[in-house]
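Okay, work21.txt is below, compact mmCIF, C-alpha atoms:
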# COMPACT_ATOMS: atom_id res chain seq x y z
CA MET A 148 -12.92 6.33 -10.96
CA LYS A 149 -15.79 5.13 -8.76
CA PHE A 150 -16.18 1.56 -7.58
CA PRO A 151 -19.52 0.41 -6.04
CA SER A 152 -19.01 -0.42 -2.39
CA GLN A 153 -20.49 -3.91 -2.74
CA LEU A 154 -17.67 -5.01 -5.04
CA ILE A 155 -14.88 -6.41 -2.89
CA LEU A 156 -12.78 -8.56 -5.16
CA PHE A 157 -13.23 -7.35 -8.70
CA LEU A 158 -13.20 -4.14 -10.68
CA LEU A 159 -15.99 -3.21 -13.05
CA PRO A 160 -14.97 -1.82 -16.43
CA VAL A 161 -15.79 1.79 -17.13
CA ALA A 162 -15.87 3.75 -20.36
CA ALA A 163 -12.63 3.61 -22.31
CA CYS A 164 -10.76 6.86 -22.80
CA HIS A 165 -7.48 7.01 -24.70
CA GLN A 166 -6.23 4.17 -26.86
CA LYS A 167 -2.81 3.24 -28.17
CA GLN A 168 -2.44 0.55 -30.81
CA GLU A 169 0.09 -2.18 -30.05
CA VAL A 170 0.85 -5.03 -32.47
CA ARG A 171 2.39 -8.20 -31.06
CA SER A 172 4.20 -10.79 -33.14
CA ASP A 173 4.09 -13.57 -30.51
CA GLY A 174 0.36 -13.66 -29.83
CA PRO A 175 -3.02 -12.03 -30.52
CA ASN A 176 -2.92 -8.37 -31.50
CA TYR A 177 -4.60 -5.97 -29.10
CA THR A 178 -5.19 -2.31 -28.37
CA LEU A 179 -4.09 -0.79 -25.08
CA VAL A 180 -7.00 1.11 -23.51
CA ASP A 181 -7.01 3.55 -20.58
CA GLU A 182 -9.92 1.97 -18.78
CA TYR A 183 -9.43 2.48 -15.03
CA ASP A 184 -8.50 6.16 -14.60
CA GLY A 185 -5.01 5.68 -16.00
CA ILE A 186 -4.62 1.91 -15.61
CA VAL A 187 -4.20 0.50 -19.12
CA VAL A 188 -5.67 -2.87 -20.15
CA GLU A 189 -5.61 -4.95 -23.32
CA LYS A 190 -8.59 -4.77 -25.68
CA PHE A 191 -8.84 -7.73 -28.04
CA ASP A 192 -10.82 -8.25 -31.19
CA SER A 193 -14.02 -10.23 -30.58
CA THR A 194 -12.52 -13.18 -32.48
CA VAL A 195 -9.83 -13.64 -29.80
CA VAL A 196 -11.38 -16.00 -27.25
CA ASP A 197 -8.30 -17.62 -25.70
CA GLU A 198 -9.04 -17.84 -21.98
CA ASN A 199 -5.43 -16.87 -21.28
CA ARG A 200 -5.42 -13.80 -23.51
CA TYR A 201 -4.85 -11.44 -20.55
CA ASN A 202 -1.93 -13.58 -19.35
CA LEU A 203 0.01 -14.19 -22.58
CA ASN A 204 2.09 -11.01 -22.41
CA ASN A 205 2.81 -11.20 -18.67
CA LYS A 206 6.46 -11.18 -17.65
CA ILE A 207 5.94 -11.36 -13.89
CA PHE A 208 2.45 -12.76 -13.20
CA ARG A 209 2.73 -15.72 -15.55
CA GLY A 210 0.20 -18.49 -15.04
CA GLY A 211 1.28 -20.82 -12.24
CA THR A 212 3.91 -18.48 -10.76
CA GLU A 213 3.85 -18.22 -6.97
CA PHE A 214 5.19 -15.36 -4.85
CA ILE A 215 5.73 -16.20 -1.19
CA TYR A 216 5.96 -13.26 1.22
CA SER A 217 6.77 -13.08 4.90
CA TYR A 218 5.04 -10.33 6.85
CA SER A 219 5.64 -8.24 9.92
CA TYR A 220 3.22 -5.96 11.76
CA ILE A 221 4.11 -3.04 14.02
CA SER A 222 1.27 -1.61 16.10
CA PRO A 223 0.62 2.15 16.44
CA SER A 224 2.39 1.98 19.81
CA GLY A 225 5.46 0.35 18.28
CA SER A 226 4.89 -3.25 19.42
CA GLU A 227 5.61 -6.11 17.04
CA LEU A 228 2.57 -8.40 16.82
CA SER A 229 1.37 -11.43 14.89
CA PHE A 230 -2.19 -12.54 14.25
CA LYS A 231 -4.08 -15.79 14.09
CA THR A 232 -7.43 -16.92 12.78
CA THR A 233 -10.21 -17.79 15.19
CA ASP A 234 -13.74 -19.15 14.99
CA ASN A 235 -14.98 -15.54 15.01
CA GLY A 236 -12.43 -14.09 12.60
CA TRP A 237 -8.93 -13.17 13.76
CA GLU A 238 -7.05 -11.59 16.66
CA PHE A 239 -3.66 -10.05 17.40
CA ILE A 240 -1.20 -12.10 19.44
CA SER A 241 2.33 -11.58 20.67
CA PRO A 242 5.01 -13.40 18.63
CA ASP A 243 5.88 -15.64 21.59
CA SER A 244 2.25 -16.85 21.76
CA SER A 245 2.19 -18.35 18.28
CA ASP A 246 0.37 -21.60 17.65
CA GLN A 247 -0.84 -23.65 14.68
CA ALA A 248 -3.39 -20.96 13.72
CA THR A 249 -0.83 -18.14 13.56
CA ILE A 250 -0.38 -16.70 10.08
CA THR A 251 3.26 -16.80 8.99
CA ASN A 252 3.40 -16.26 5.20
CA ILE A 253 1.28 -15.13 2.25
CA THR A 254 1.37 -16.87 -1.13
CA ILE A 255 0.18 -14.90 -4.15
CA LYS A 256 -0.30 -17.12 -7.21
CA ALA A 257 -1.07 -16.16 -10.80
CA LEU A 258 -3.68 -18.55 -12.18
CA SER A 259 -4.21 -19.76 -15.71
CA GLY A 260 -7.54 -19.18 -17.39
CA GLN A 261 -10.02 -16.39 -16.82
CA ASN A 262 -12.63 -15.35 -14.30
CA ASN A 263 -16.14 -16.43 -15.31
CA ARG A 264 -17.18 -12.81 -15.82
CA PRO A 265 -16.84 -12.00 -19.53
CA GLU A 266 -16.02 -8.33 -18.83
CA TYR A 267 -13.14 -9.22 -16.48
CA LYS A 268 -9.90 -7.97 -18.05
CA GLN A 269 -7.36 -9.09 -15.48
CA THR A 270 -5.02 -11.94 -14.72
CA VAL A 271 -6.68 -13.99 -11.98
CA ILE A 272 -4.57 -14.34 -8.83
CA SER A 273 -5.14 -16.18 -5.56
CA TYR A 274 -4.06 -15.33 -2.01
CA GLN A 275 -3.37 -18.06 0.52
CA LEU A 276 -2.30 -17.41 4.09
CA THR A 277 -0.05 -20.07 5.64
CA PRO A 278 -1.04 -22.32 7.41
CA GLN A 279 -4.56 -22.02 5.97
CA THR A 280 -5.75 -24.22 3.12
CA THR A 281 -8.46 -21.84 1.89
CA PHE A 282 -7.71 -18.94 -0.40
CA SER A 283 -9.33 -15.83 -1.88
CA ILE A 284 -9.35 -14.65 -5.50
CA SER A 285 -8.74 -11.25 -7.06
CA GLY A 286 -6.73 -9.92 -9.99
CA ALA A 287 -3.78 -8.12 -11.53
CA ILE A 288 -3.30 -6.11 -14.72
CA GLU A 289 0.04 -6.54 -16.48
CA ASN A 290 1.19 -5.37 -19.89
CA GLU A 291 3.93 -3.24 -21.45
CA ALA A 292 2.30 -0.05 -20.14
CA ASN A 293 1.76 -0.88 -16.46
CA LEU A 294 1.51 -3.44 -13.66
CA TRP A 295 -1.26 -3.08 -11.08
CA VAL A 296 -2.11 -5.61 -8.38
CA HIS A 297 -4.75 -6.06 -5.69
CA PRO A 298 -3.03 -6.47 -2.30
CA PRO A 299 -3.98 -9.31 0.07
CA ARG A 300 -7.15 -8.24 1.88
CA ASP A 301 -8.11 -11.05 4.25
CA TYR A 302 -8.25 -10.72 8.05
CA LEU A 303 -5.63 -8.17 9.21
CA PHE A 304 -4.75 -7.38 5.59
CA ARG A 305 -8.18 -5.86 5.02
CA ILE A 306 -6.58 -2.65 6.26
CA LEU A 307 -4.55 -2.52 3.03
CA GLU A 308 -7.66 -1.50 1.05
CA LEU A 309 -7.10 1.97 2.52
CA ASN A 310 -3.49 2.10 1.27
CA PRO A 311 -2.10 2.67 -2.22
CA PHE A 312 -2.27 -0.53 -4.28
CA PRO A 313 0.97 -1.85 -5.83
CA TYR A 314 1.11 -0.04 -9.19
CA VAL A 315 3.93 0.59 -11.66
CA LYS A 316 3.92 2.68 -14.85
CA PHE A 317 6.45 1.75 -17.53
CA PRO A 318 9.05 2.79 -18.49
CA LEU A 319 10.44 3.42 -15.03
CA ALA A 320 12.82 6.28 -14.32
CA VAL A 321 13.80 8.12 -11.15
CA GLY A 322 11.56 11.15 -10.75
CA LYS A 323 8.67 9.74 -12.76
CA SER A 324 5.25 10.27 -11.17
CA TRP A 325 1.67 9.14 -11.84
CA ASN A 326 -1.72 9.30 -10.12
CA TRP A 327 -4.71 7.09 -9.40
CA LYS A 328 -7.95 7.22 -7.41
CA LEU A 329 -9.89 4.55 -5.54
CA VAL A 330 -13.30 4.65 -3.87
CA PHE A 331 -13.63 2.30 -0.86
CA GLY A 332 -16.66 1.46 1.24
CA PRO A 333 -17.26 1.18 5.00
CA HIS A 334 -17.15 -2.64 4.90
CA TRP A 335 -13.34 -2.31 4.94
CA GLY A 336 -13.49 -0.63 8.34
CA ASP A 337 -12.64 -2.28 11.64
CA GLU A 338 -12.69 -0.97 15.19
CA ARG A 339 -9.06 -2.06 15.45
CA TRP A 340 -8.08 0.68 12.98
CA VAL A 341 -10.97 2.96 11.90
CA THR A 342 -14.67 2.84 11.01
CA TRP A 343 -16.73 5.25 8.92
CA GLU A 344 -20.01 5.68 7.07
CA GLY A 345 -20.46 5.99 3.33
CA ASN A 346 -17.87 5.73 0.58
CA LYS A 347 -14.53 7.50 0.76
CA GLU A 348 -12.06 8.25 -2.02
CA ASN A 349 -8.29 7.92 -1.98
CA ASP A 350 -6.34 10.36 -4.13
CA ILE A 351 -3.00 8.62 -4.74
CA THR A 352 0.32 9.88 -6.09
CA TYR A 353 3.14 7.49 -7.04
CA THR A 354 6.75 8.66 -7.47
CA VAL A 355 9.93 6.75 -8.33
CA ILE A 356 12.27 8.12 -5.67
CA GLY A 357 15.36 6.03 -6.35
CA SER A 358 17.02 3.07 -8.04
CA ASP A 359 19.84 0.80 -6.98
CA ILE A 360 21.51 -2.55 -7.73
CA LYS A 361 20.55 -4.95 -4.95
CA ASP A 362 22.08 -8.33 -4.14
CA THR A 363 19.14 -10.75 -3.86
CA LYS A 364 18.56 -14.50 -3.93
CA TRP A 365 17.77 -14.00 -7.63
CA GLY A 366 21.15 -12.35 -8.24
CA GLU A 367 22.05 -8.69 -8.57
CA LEU A 368 18.93 -6.83 -9.64
CA LEU A 369 18.20 -3.27 -10.67
CA CYS A 370 15.49 -2.24 -8.22
CA TYR A 371 13.31 0.86 -8.18
CA GLU A 372 12.00 2.42 -4.98
CA ILE A 373 8.48 3.73 -5.51
CA GLU A 374 6.75 5.89 -2.92
CA ALA A 375 2.96 6.19 -3.01
CA ILE A 376 0.87 8.47 -0.79
CA ALA A 377 -2.93 8.23 -0.53
CA SER A 378 -5.09 10.96 0.98
CA SER A 379 -8.77 10.79 1.92
CA GLU A 380 -11.15 12.29 4.48
CA LEU A 381 -9.93 9.60 6.88
CA GLY A 382 -6.31 10.66 6.69
CA GLU A 383 -3.16 9.59 4.88
CA THR A 384 -1.64 6.19 4.10
CA LYS A 385 1.59 5.24 2.36
CA LEU A 386 3.22 2.43 0.40
CA THR A 387 6.93 2.23 -0.32
CA SER A 388 7.67 -0.62 -2.72
CA ILE A 389 10.90 -2.13 -4.03
CA PHE A 390 10.34 -3.38 -7.58
CA ASN A 391 12.35 -5.24 -10.22
CA GLU A 392 11.05 -5.62 -13.77
CA LYS A 393 11.78 -9.37 -13.93
CA VAL A 394 11.07 -10.60 -10.40
CA GLY A 395 8.32 -8.18 -9.35
CA PHE A 396 7.68 -6.57 -5.97
CA LEU A 397 10.49 -7.56 -3.60
CA GLU A 398 9.17 -5.43 -0.72
CA LEU A 399 5.85 -3.77 0.10
CA ASN A 400 6.15 -1.44 3.09
CA TYR A 401 2.85 0.02 4.28
CA LEU A 402 2.13 2.87 6.69
CA ASN A 403 -1.51 2.35 7.60
CA ILE A 404 -4.37 4.69 8.45
CA ASP A 405 -3.85 4.18 12.21
CA GLU A 406 -0.04 4.68 12.01
CA SER A 407 0.58 0.92 12.24
CA GLN A 408 2.97 -0.68 9.76
CA ILE A 409 2.86 -3.82 7.63
CA ARG A 410 5.90 -5.07 5.75
CA LEU A 411 5.76 -7.81 3.11
CA ILE A 412 9.11 -9.29 2.01
CA LEU A 413 9.41 -11.64 -0.97
CA ILE A 414 11.18 -14.77 0.31
CA ASP A 415 10.57 -17.13 -2.60
CA LYS A 416 9.29 -17.18 -6.16
CA ILE A 417 8.22 -20.42 -7.81
CA ASP A 418 7.84 -20.34 -11.58

What's the structure tokens form of this structure?
Amino acid sequence: MKFPSQLILFLLPVAACHQKQEVRSDGPNYTLVDEYDGIVVEKFDSTVVDENRYNLNNKIFRGGTEFIYSYSYISPSGSELSFKTTDNGWEFISPDSSDQATITNITIKALSGQNNRPEYKQTVISYQLTPQTTFSISGAIENEANLWVHPPRDYLFRILELNPFPYVKFPLAVGKSWNWKLVFGPHWGDERWVTWEGNKENDITYTVIGSDIKDTKWGELLCYEIEAIASSELGETKLTSIFNEKVGFLELNYLNIDESQIRLILIDKID
């Protein structure tokens, strides 16, 4: 699958491949279509115009639901750092130098309605970095076949474009594996990690490497550990996620292109 480099927030649809008919009794009928190199989306009849049609079957990214994550960053040398926004962008700081501009949490919110692009087949989600008041917009795809989500990609988190995206194929089982590809452009580069010319392609493999009952603030949950490895001409990146089928992604642990690490931990979920 090839994405034009100028598209930062949204995916363009490509030719549909395989289809599987699914009939729902609690909402509009749809066909599941392999549209993004293995990522399956809902295809509705032209008479279905509900602006929430891509949200109605969501179990995790229901409209209005907020996921609040803490983050930690470990530099390639092993130092724990924070970052803050500045007039010129952002900069790393030591944790003991935090001030009112230091980013502490990330809120990912599923929005009701639809993006104003008629071909957009995703649940719209927003990303807000605390203590900022502004937010960015992107999307997620959720249905009975899979869950796929854009990561936060503002400021420091731009580096996550080079990593595997959070992506789950149902039904989950230990040992199950699936693949995906993503083309990314040089506008995601930064001298603080790596720069390059022209488009590069990540070849990504996801594997369920374990499952366990975990005691969480949402009770005891069956959680799956999913390891994803992405390879490109620039090198290798990694995502190890902890996922529950009702709550969502409890942890997102990234090993970045420059050997730095980012860890996102779900600390609250507001339905």

Distance in Å - CA of Lys190 (chain A) versus CA of Ser324 (chain A):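 These two atoms are separated by 25.1 Å.
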
Separation of CA of Leu329 (chain A) and CA of Lys268 (chain A), in Å?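 Answer for the CA of Leu329 (chain A) to CA of Lys268 (chain A) separation: 17.7 Å.
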
Tell me, in Å to one decimal, how far CA of Arg305 (chain A) is from CA of Asn205 (chain A).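 The value is 26.7 Å.
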
Counting only C-alpha atoms, which residues have an atom no more than 8 Å from (-10.4, 6.6, 7.6) in the file's coordinates? Please list them as a PyMOL selection string. chain A and resi 309+336+341-343+379-382+404

Exercise: Asp337 (chain A) partners within 12 Å, all atoms listed in the file, chain neighbours under 2 positions left out, as a ChimeraX atom specification: /A:236-238,302-309,332-335,339-344,404-405

Residues near Leu411 (chain A), cut-off 10 Å, all atoms listed in the file, skip fewer than 2 positions along chain, as an MDAnalysis selection string: chainID A and resid 215:220 252:253 388 396:401 409 413:414

Quick one: everything within 12 Å of Lys361 (chain A), counting all atoms listed in the file, minus sequence neighbours fewer than 3 positions away in the same chain. Send it as an MDAnalysis selection string. chainID A and resid 358 364:372 389:391 397

Measuring atom to atom with all atoms listed in the file, identify which of A:Leu203, A:Ile356, A:Ile221, A:Val187 is nearest to Ser407 (chain A). A:Ile221

Long-range neighbours of Ser378 (chain A) as a ChimeraX atom specification, 7 Å cut-off, only C-alpha atoms, 5 positions minimum in chain: /A:349-351,383-384

Would you list the contacts of Val315 (chain A) as number ranges by chain, taking every protein, DNA or RNA residue within 12 Å and counting all atoms listed in the file, but skipping same-chain residues closer than 3 positions in sequence? A: 185-187, 287-296, 311-312, 318-320, 323-327, 352-355, 371-375, 387-392, 395-396

Shortest interatomic distance to Ile417 (chain A) - which of A:Ile255, A:Val330, A:Leu228, A:Ile360, counting all atoms listed in the file: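 Smallest separation from Ile417 (chain A) among the options: A:Ile255.
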
So for region 198-217 of chain A, what box centre and size do we get, axis-aligned, 6 Å extra on each of the six sides, every listed atom, Å to one decimal, as lines of an AutoDock Vina configuration file?
center_x = -1.1
center_y = -15.9
center_z = -9.3
size_x = 27.8
size_y = 21.8
size_z = 40.4

For Arg300 (chain A), which residue out of A:Leu386, A:Ala377, A:Ile284, A:Leu402 is the nearest one, using all atoms listed in the file?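 When distances to Arg300 (chain A) are compared using all atoms listed in the file, the smallest one comes from A:Ile284.
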
From (-1.3, -23.2, -15.9), in the file's coordinates, out to 8 Å: which residues are reached, counting all atoms listed in the file? Answer as a PyMOL selection string. chain A and resi 210-211+258-260

Is it possible to add N, CA and C atoms to region 320-342 of chain A and hand it back as a PDB file, in the coordinates of the input?
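To be explicit, this is the file written out as part.pdb:
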ATOM      1  N   ALA A 320      11.670   5.385 -14.392  1.00  0.00           N
ATOM      2  CA  ALA A 320      12.820   6.280 -14.320  1.00  0.00           C
ATOM      3  C   ALA A 320      12.701   7.080 -13.027  1.00  0.00           C
ATOM      4  N   VAL A 321      13.811   7.342 -12.391  1.00  0.00           N
ATOM      5  CA  VAL A 321      13.800   8.120 -11.150  1.00  0.00           C
ATOM      6  C   VAL A 321      13.196   9.494 -11.431  1.00  0.00           C
ATOM      7  N   GLY A 322      12.258   9.887 -10.589  1.00  0.00           N
ATOM      8  CA  GLY A 322      11.560  11.150 -10.750  1.00  0.00           C
ATOM      9  C   GLY A 322      10.214  11.036 -11.422  1.00  0.00           C
ATOM     10  N   LYS A 323       9.952   9.917 -12.078  1.00  0.00           N
ATOM     11  CA  LYS A 323       8.670   9.740 -12.760  1.00  0.00           C
ATOM     12  C   LYS A 323       7.541   9.654 -11.745  1.00  0.00           C
ATOM     13  N   SER A 324       6.383  10.219 -12.084  1.00  0.00           N
ATOM     14  CA  SER A 324       5.250  10.270 -11.170  1.00  0.00           C
ATOM     15  C   SER A 324       3.961   9.995 -11.924  1.00  0.00           C
ATOM     16  N   TRP A 325       2.987   9.375 -11.253  1.00  0.00           N
ATOM     17  CA  TRP A 325       1.670   9.140 -11.840  1.00  0.00           C
ATOM     18  C   TRP A 325       0.629   9.116 -10.716  1.00  0.00           C
ATOM     19  N   ASN A 326      -0.638   9.177 -11.100  1.00  0.00           N
ATOM     20  CA  ASN A 326      -1.720   9.300 -10.120  1.00  0.00           C
ATOM     21  C   ASN A 326      -2.797   8.232 -10.350  1.00  0.00           C
ATOM     22  N   TRP A 327      -3.584   8.026  -9.323  1.00  0.00           N
ATOM     23  CA  TRP A 327      -4.710   7.090  -9.400  1.00  0.00           C
ATOM     24  C   TRP A 327      -5.693   7.448  -8.289  1.00  0.00           C
ATOM     25  N   LYS A 328      -6.942   7.011  -8.440  1.00  0.00           N
ATOM     26  CA  LYS A 328      -7.950   7.220  -7.410  1.00  0.00           C
ATOM     27  C   LYS A 328      -8.702   5.924  -7.155  1.00  0.00           C
ATOM     28  N   LEU A 329      -9.142   5.748  -5.920  1.00  0.00           N
ATOM     29  CA  LEU A 329      -9.890   4.550  -5.540  1.00  0.00           C
ATOM     30  C   LEU A 329     -10.972   4.909  -4.536  1.00  0.00           C
ATOM     31  N   VAL A 330     -12.186   4.494  -4.816  1.00  0.00           N
ATOM     32  CA  VAL A 330     -13.300   4.650  -3.870  1.00  0.00           C
ATOM     33  C   VAL A 330     -13.418   3.358  -3.063  1.00  0.00           C
ATOM     34  N   PHE A 331     -13.507   3.477  -1.735  1.00  0.00           N
ATOM     35  CA  PHE A 331     -13.630   2.300  -0.860  1.00  0.00           C
ATOM     36  C   PHE A 331     -14.792   2.509   0.101  1.00  0.00           C
ATOM     37  N   GLY A 332     -15.460   1.402   0.411  1.00  0.00           N
ATOM     38  CA  GLY A 332     -16.660   1.460   1.240  1.00  0.00           C
ATOM     39  C   GLY A 332     -16.401   1.164   2.704  1.00  0.00           C
ATOM     40  N   PRO A 333     -17.412   1.354   3.559  1.00  0.00           N
ATOM     41  CA  PRO A 333     -17.260   1.180   5.000  1.00  0.00           C
ATOM     42  C   PRO A 333     -17.071  -0.275   5.429  1.00  0.00           C
ATOM     43  N   HIS A 334     -17.339  -1.238   4.537  1.00  0.00           N
ATOM     44  CA  HIS A 334     -17.150  -2.640   4.900  1.00  0.00           C
ATOM     45  C   HIS A 334     -15.671  -2.987   5.093  1.00  0.00           C
ATOM     46  N   TRP A 335     -14.764  -2.090   4.697  1.00  0.00           N
ATOM     47  CA  TRP A 335     -13.340  -2.310   4.940  1.00  0.00           C
ATOM     48  C   TRP A 335     -12.916  -1.786   6.313  1.00  0.00           C
ATOM     49  N   GLY A 336     -13.829  -1.167   7.030  1.00  0.00           N
ATOM     50  CA  GLY A 336     -13.490  -0.630   8.340  1.00  0.00           C
ATOM     51  C   GLY A 336     -13.421  -1.697   9.411  1.00  0.00           C
ATOM     52  N   ASP A 337     -12.764  -1.374  10.501  1.00  0.00           N
ATOM     53  CA  ASP A 337     -12.640  -2.280  11.640  1.00  0.00           C
ATOM     54  C   ASP A 337     -12.336  -1.426  12.864  1.00  0.00           C
ATOM     55  N   GLU A 338     -12.923  -1.754  13.981  1.00  0.00           N
ATOM     56  CA  GLU A 338     -12.690  -0.970  15.190  1.00  0.00           C
ATOM     57  C   GLU A 338     -11.223  -0.998  15.608  1.00  0.00           C
ATOM     58  N   ARG A 339     -10.480  -1.982  15.113  1.00  0.00           N
ATOM     59  CA  ARG A 339      -9.060  -2.060  15.450  1.00  0.00           C
ATOM     60  C   ARG A 339      -8.213  -1.058  14.673  1.00  0.00           C
ATOM     61  N   TRP A 340      -8.800  -0.419  13.639  1.00  0.00           N
ATOM     62  CA  TRP A 340      -8.080   0.680  12.980  1.00  0.00           C
ATOM     63  C   TRP A 340      -8.966   1.897  12.797  1.00  0.00           C
ATOM     64  N   VAL A 341     -10.068   1.820  12.038  1.00  0.00           N
ATOM     65  CA  VAL A 341     -10.970   2.960  11.900  1.00  0.00           C
ATOM     66  C   VAL A 341     -12.270   2.464  11.276  1.00  0.00           C
ATOM     67  N   THR A 342     -13.375   3.106  11.636  1.00  0.00           N
ATOM     68  CA  THR A 342     -14.670   2.840  11.010  1.00  0.00           C
ATOM     69  C   THR A 342     -15.236   4.150  10.492  1.00  0.00           C
TER      70      THR A 342
END
